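Okay, structure first, notes after.
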Amino acid sequence: MISINNLSVQFTGQNLFDNVTFNIGDRDRIGLVGKNGAGKSTLLKILCRWQEPETGTIVVAADQTVGYLPQEMIPKSNRTIIDETLTAFEAIDQLEKLQEKLSLEIAERTDYESAEYERLLNRHHEVSEQIAMMGGNSRQEQAEKILLGLGFKHSDFQRPITEFSGGWQMRVELAKLLLKRPDFLLLDEPTNHLDIESIQWLENFLQSYPGAVVLVSHDRTFLDNITNRTIEITAGRIYDYKASYSDYVVLMQERRASQMASLTNQQREVAQIEAFIERFRYKATKSKQVQSRIKMLEKMETIQIDEVSTEGIHFQFPPAPHSGKIVVEAEKLGKAYGSKQVFDNVDLTILKGSKVAFVGRNGEGKSTLAKIVVGDITDQTGLFKLGHQVQIGYYAQNQAAMLDGEKTVFQTIDDIAVGDIRPKIRNILGSFLFDSDDIEKKVKVLSGGEKARLALAKLLLTPSNLLVLDEPTNHLDMHSKDILKNALLQYDGTLILVSHDRDFLQGLTDTLYEFRDGEVHEFKGDIFEFLEARKLESLKALEVAKKAQSRSSATQPISQNKLNYQQSKERERELRKLRNIVEKIEKEIEELEAQVEAKDALLAAGGNEASDANFYKEYQSLKDALEAKMNEWEEATINLDEFSNNN
């Protein structure tokens with residue numbers, strides 16, 4: 001257990017923590033939450049002794065260890081990936097040296113009956129057992145398993161760590177920490193550098209982790225899947241909930257509603273007491289009661305309402321200019337960096353108004369294809385073209401780093417603002433939380449979150465009908481992510497989104513392109529539907545592999561028949577699904593046609609209703625919906641015919 005007693009920390013004259021006390025149990029799964037700047041990262045640093053508090057004590061049992069992964073760090077190593085990862089076992093290395101020393105000492109002695117000799121044997125046995133318990137005999141296997149789980153390939157293991165980006169180097173640091181298996185694992189935004197597959201692997205790992213886990217994360221799904229306790233930091237105090245993040249949100253809202261109700265009741269009581277005092281202040285017969293109520297007011301402690309941050313970026317994207325029906329088209333598209341083929345033979349068509357997500361492991365080409373779309377990469381192979389009148393708005397993964405550090409916040413926006421938008425620059429920056437002092441700051445002194453907000457503000461200045469956003473949520477807090485998601489839901493253009501945030505993607509996109517093993521596969525549906533399908537596919541592949549391993553030549557025809565039967569059932573299921581889609585659209589078309597016919601009849605009759613302005617607006621809306629539904633039916637019918645002919 002870690003015991004935190006009367007912890008106080010000040011920052012720029014304000015209390016981050018004021019006499020905070022709580023405990024962390026040996027198997028706790030805790031999510032630390034609070035607005036940016038509340039002190040979450042500071043608390044982790046204090047728990048691992050990277051920082052000392054002004055007052056208070058942190059008590060950790062002598063035999064327990066604490067491991068910490070900061071948000072950012074700069075590893076300094078020239079080792080290979082596997083060699084750097086194996087440094088996590090330095091404690092075992094030291095024990096093995098001690099074991100070797102004890103072995104030599106035992107071999108040199110001849111006093112086999114002495115107490116000293118027996119002591120050496122016992123110590124050697126203890127050290128050997130300790131090495132075995134710490135996994136000393138399976139170091140390589142453990143290291144490779146965790147590296148693979150975090151997204152590395154076998155071919156990466158012997159490559160120097162300096163060949164990898166900062167994000168991949170952070171994965172190595174995470175791997176080392178997980179291999180050390182500290183009793184208390186403190187992780188500050190561990191998903192920032194991971195893709196969806198690696199995040200899911202980490203979730204599974206942490207769910208069965210033998211020690212305590214304390215997390216800071218802006219990924220709701222990640223928190224919900226791991227934590228069962230939430231500690232909120234607000235205004236120097238903490239509130240401790242025995243609940244996952246989503247349940248905590250409900251409880252927190254109930255707590256603040258209760259505080260407001262209590263404050264309202266107290267204010268009403270105070271008003272009644274003050275009215276009594278004022279009414280009878282000068283009546284001798286009531287002097288005792290008046291004095292009693294005055295003392296009552298003096299002793300009454302005002303109920304405190306927890307601060308609720310109303311700060312948050314608020315904006316909406318400008319209307320999308322008109323574009324052609326086909327926005328992005330690619331045939332047999334390929335891209336290689338030297339001898340490394342990132343992807344090849346990619347066919348895709350993105351239609352006007354589509355909301356598309358690129359998902360898959362890091363390094364599989366998601367950002368590369370995004371750069372091809374926006375024109376940053378032009379040496380690809382195959383056919384690629386943008387549709388008629390496509391205007392692109394682009395948020396790069398390293399957008400913050402691409403800003404000119406020597407310019408001020410105002411200059412950054414002023415340089416690209418034209419026409420009527422120029423007088424509104426201060427208002428635009430204000431909606432992204434830049435006040436009058438902030439806009440004169442140079443970009444180089446801004447935090448990662450501030451640079452991300454500034455880069456998003458730039459997107460508003462030029463109307464676009466194709467938004468390409470590469471990991472736009474990396475430096476945003478939960479509230480700002482919600483605002484951005486809401487703005488994208490209302491955006492009437494075409495969207496291509498690269499993201500590993502499952503909660504952010506849910507309900508935002510209707511089509512996913514998975515980048516895997518040099519290929520790009522289309523999936524119609526939501527992110528969680530895709531993840532469920534991928535899980536089933538992996539389980540199916542595993543089951544087939546197990547059967548293939550165990551079957552003999554005698555049973556092979558039977559197993560093949562079973563496999564053919566399974567494939568047939570899959571085809572039937574998919575065919576039934578496509579037919580149901582067509583039938584559903586046909587019913588919707590019938591309903592719309594009936595409504596249009598009713599409007600036509602009213603027009604023909606020439607009644608008063610048909611002369612109303614809203615009538616023609618509704619009439620046109622119905623006709624537009626019918627046309628869109630007919631296009632949808634045509635596409636669904638083509639999909640059904642192609643599947644039937646090819647299967």
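Ligands are numbered from 1 in the order shown, residues from 1 within each chain, and chains are lettered A, B, ... in the order they appear in the structure tokens.
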Could you pull the residues within 7 Å of region 314-321 of chain A, counting only C-alpha atoms, minus those fewer than 4 positions along the same chain, as a PDB file with N, CA, C and O atoms, in the first residue's frame?
```pdb
ATOM      1  N   SER A 431     -12.347  31.846 -29.032  1.00  0.00           N
ATOM      2  CA  SER A 431     -13.134  30.613 -28.979  1.00  0.00           C
ATOM      3  C   SER A 431     -12.239  29.389 -28.802  1.00  0.00           C
ATOM      4  O   SER A 431     -12.723  28.320 -28.431  1.00  0.00           O
ATOM      5  N   PHE A 432     -10.935  29.554 -29.050  1.00  0.00           N
ATOM      6  CA  PHE A 432      -9.977  28.470 -28.826  1.00  0.00           C
ATOM      7  C   PHE A 432      -9.144  28.725 -27.564  1.00  0.00           C
ATOM      8  O   PHE A 432      -8.042  28.200 -27.431  1.00  0.00           O
ATOM      9  N   LEU A 460     -10.325  26.742 -39.634  1.00  0.00           N
ATOM     10  CA  LEU A 460     -11.585  27.469 -39.806  1.00  0.00           C
ATOM     11  C   LEU A 460     -11.487  28.585 -40.839  1.00  0.00           C
ATOM     12  O   LEU A 460     -12.502  29.083 -41.309  1.00  0.00           O
ATOM     13  N   PRO A 463     -12.594  27.765 -45.956  1.00  0.00           N
ATOM     14  CA  PRO A 463     -13.636  26.739 -46.104  1.00  0.00           C
ATOM     15  C   PRO A 463     -13.140  25.575 -46.957  1.00  0.00           C
ATOM     16  O   PRO A 463     -12.448  25.765 -47.962  1.00  0.00           O
ATOM     17  N   SER A 464     -13.458  24.358 -46.543  1.00  0.00           N
ATOM     18  CA  SER A 464     -13.024  23.164 -47.265  1.00  0.00           C
ATOM     19  C   SER A 464     -14.189  22.198 -47.373  1.00  0.00           C
ATOM     20  O   SER A 464     -15.108  22.214 -46.554  1.00  0.00           O
ATOM     21  N   ASN A 465     -14.146  21.354 -48.392  1.00  0.00           N
ATOM     22  CA  ASN A 465     -15.167  20.306 -48.522  1.00  0.00           C
ATOM     23  C   ASN A 465     -14.579  18.917 -48.298  1.00  0.00           C
ATOM     24  O   ASN A 465     -15.285  17.920 -48.390  1.00  0.00           O
ATOM     25  N   ILE A 483     -16.108  18.718 -27.947  1.00  0.00           N
ATOM     26  CA  ILE A 483     -16.467  19.874 -28.774  1.00  0.00           C
ATOM     27  C   ILE A 483     -16.061  19.623 -30.226  1.00  0.00           C
ATOM     28  O   ILE A 483     -16.830  19.891 -31.159  1.00  0.00           O
ATOM     29  N   ALA A 487     -18.477  19.248 -33.548  1.00  0.00           N
ATOM     30  CA  ALA A 487     -18.301  20.082 -34.747  1.00  0.00           C
ATOM     31  C   ALA A 487     -18.174  19.212 -35.994  1.00  0.00           C
ATOM     32  O   ALA A 487     -18.715  19.541 -37.057  1.00  0.00           O
ATOM     33  N   TYR A 491     -20.420  18.855 -39.494  1.00  0.00           N
ATOM     34  CA  TYR A 491     -19.714  19.249 -40.718  1.00  0.00           C
ATOM     35  C   TYR A 491     -20.387  18.594 -41.923  1.00  0.00           C
ATOM     36  O   TYR A 491     -20.633  17.382 -41.931  1.00  0.00           O
ATOM     37  N   ASP A 492     -20.696  19.374 -42.962  1.00  0.00           N
ATOM     38  CA  ASP A 492     -21.444  18.837 -44.108  1.00  0.00           C
ATOM     39  C   ASP A 492     -20.553  18.464 -45.284  1.00  0.00           C
ATOM     40  O   ASP A 492     -21.048  18.174 -46.377  1.00  0.00           O
ATOM     41  N   GLY A 493     -19.243  18.450 -45.078  1.00  0.00           N
ATOM     42  CA  GLY A 493     -18.331  18.020 -46.134  1.00  0.00           C
ATOM     43  C   GLY A 493     -17.924  16.566 -45.965  1.00  0.00           C
ATOM     44  O   GLY A 493     -18.567  15.782 -45.262  1.00  0.00           O
TER      45      GLY A 493
END
```
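Remark: for Val468 (chain A), the closest of the candidate residues A:Val445, A:Val33, A:Ile372, A:Leu102 is A:Ile372 (distances computed over only C-alpha atoms).
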Contacts between region 282-299 of chain A and region 170-277 of chain A, please, where a residue of region 170-277 of chain A counts if it comes within 8 Å (with only C-alpha atoms); show its shortest atom pair and distance in Å to one decimal, rows by chain and ascending number, as a tab-separated table.
```
residue	atom	partner	partner_atom	distance
A:Val270	CA	A:Leu297	CA	7.2
A:Ile273	CA	A:Arg293	CA	6.5
A:Phe276	CA	A:Val290	CA	7.4
A:Ile277	CA	A:Val290	CA	5.3
```
May I have all residues of region 253-431 of chain A that DSSP, computed from the backbone, assigns to alpha helix (DSSP H), given as an MDAnalysis selection string? chainID A and resid 253:280 287:299 366:374 399:402 409:414 425:431
Select from region 249-430 of chain A everything DSSP, run on the backbone, classes as strand (DSSP E or B), then give the selection as a PyMOL selection string. chain A and resi 326-337+340-351+355-360+381-386+392-395+408
Considering only C-alpha atoms, return as a PyMOL selection string whatever protein or nucleic-acid residues lie within 8 Å of Thr381 (chain A), sequence-local ones (same chain, fewer than 3 positions apart) excluded. chain A and resi 332-335
Hey, what's within 12 Å of Thr412 (chain A) if we count only C-alpha atoms and toss same-chain stuff fewer than 5 positions away? As a ChimeraX atom specification, please? /A:400,402-407,417,425-426,429,439-444,451,454-459,461
Within 7 Å of region 182-191 of chain A: each region 206-261 of chain A residue with its shortest pair, only C-alpha atoms, as CSV:
```
residue,atom,partner,partner_atom,distance
A:Gly211,CA,A:Asp183,CA,4.7
A:Ala212,CA,A:Phe184,CA,4.8
A:Val213,CA,A:Leu185,CA,4.8
A:Val214,CA,A:Leu186,CA,4.9
A:Leu215,CA,A:Leu187,CA,5.0
A:Val216,CA,A:Asp188,CA,4.8
A:Ser217,CA,A:Glu189,CA,4.7
```
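For the residues A:Lys180, A:Ile92, A:Leu531, A:Arg256, ranking by smallest atom-to-atom distance to Tyr209 (chain A) using only C-alpha atoms places A:Lys180 first.
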Find the residues around Ile233 (chain A) up to 7 Å (only C-alpha atoms counted), leave out those fewer than 6 positions away in its own chain, and share them as a ChimeraX atom specification. /A:33-34,38,239
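CA of Ala636 (chain A) is found 24.6 Å from CA of Glu597 (chain A).
Among A:Thr302, A:Glu141, A:Ser41, A:Glu118, the residue with the shortest atom-to-atom distance to Gln259 (chain A), counting only C-alpha atoms, is A:Thr302.
Of the residues under consideration (A:Met133, A:Ile30, A:Glu100, A:Arg361), A:Ile30 shows the shortest atom-to-atom contact distance to Ser244 (chain A) when counting only C-alpha atoms.
Between CA of Ala396 (chain A) and CA of Glu173 (chain A) there is a distance of 25.2 Å.
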Which neighbours of Phe22 (chain A) fall inside 8 Å, counting only C-alpha atoms, when residues of the same chain fewer than 3 positions from it are skipped, and could you give them as a list of chain:residue names? A:Ser3, A:Ile4, A:Asn5
Residue nearest Asp224 (chain A) - candidates A:Arg502, A:Leu536, A:Leu386, A:Thr57, atoms counted: only C-alpha atoms: A:Arg502
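Among the candidates A:His521, A:Lys584, A:Lys617, A:Lys385, the one nearest to Phe358 (chain A) when counting only C-alpha atoms is A:His521.
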To one decimal place, how far is CA of Arg516 (chain A) from CA of Ser644 (chain A) in Å? 26.4 Å
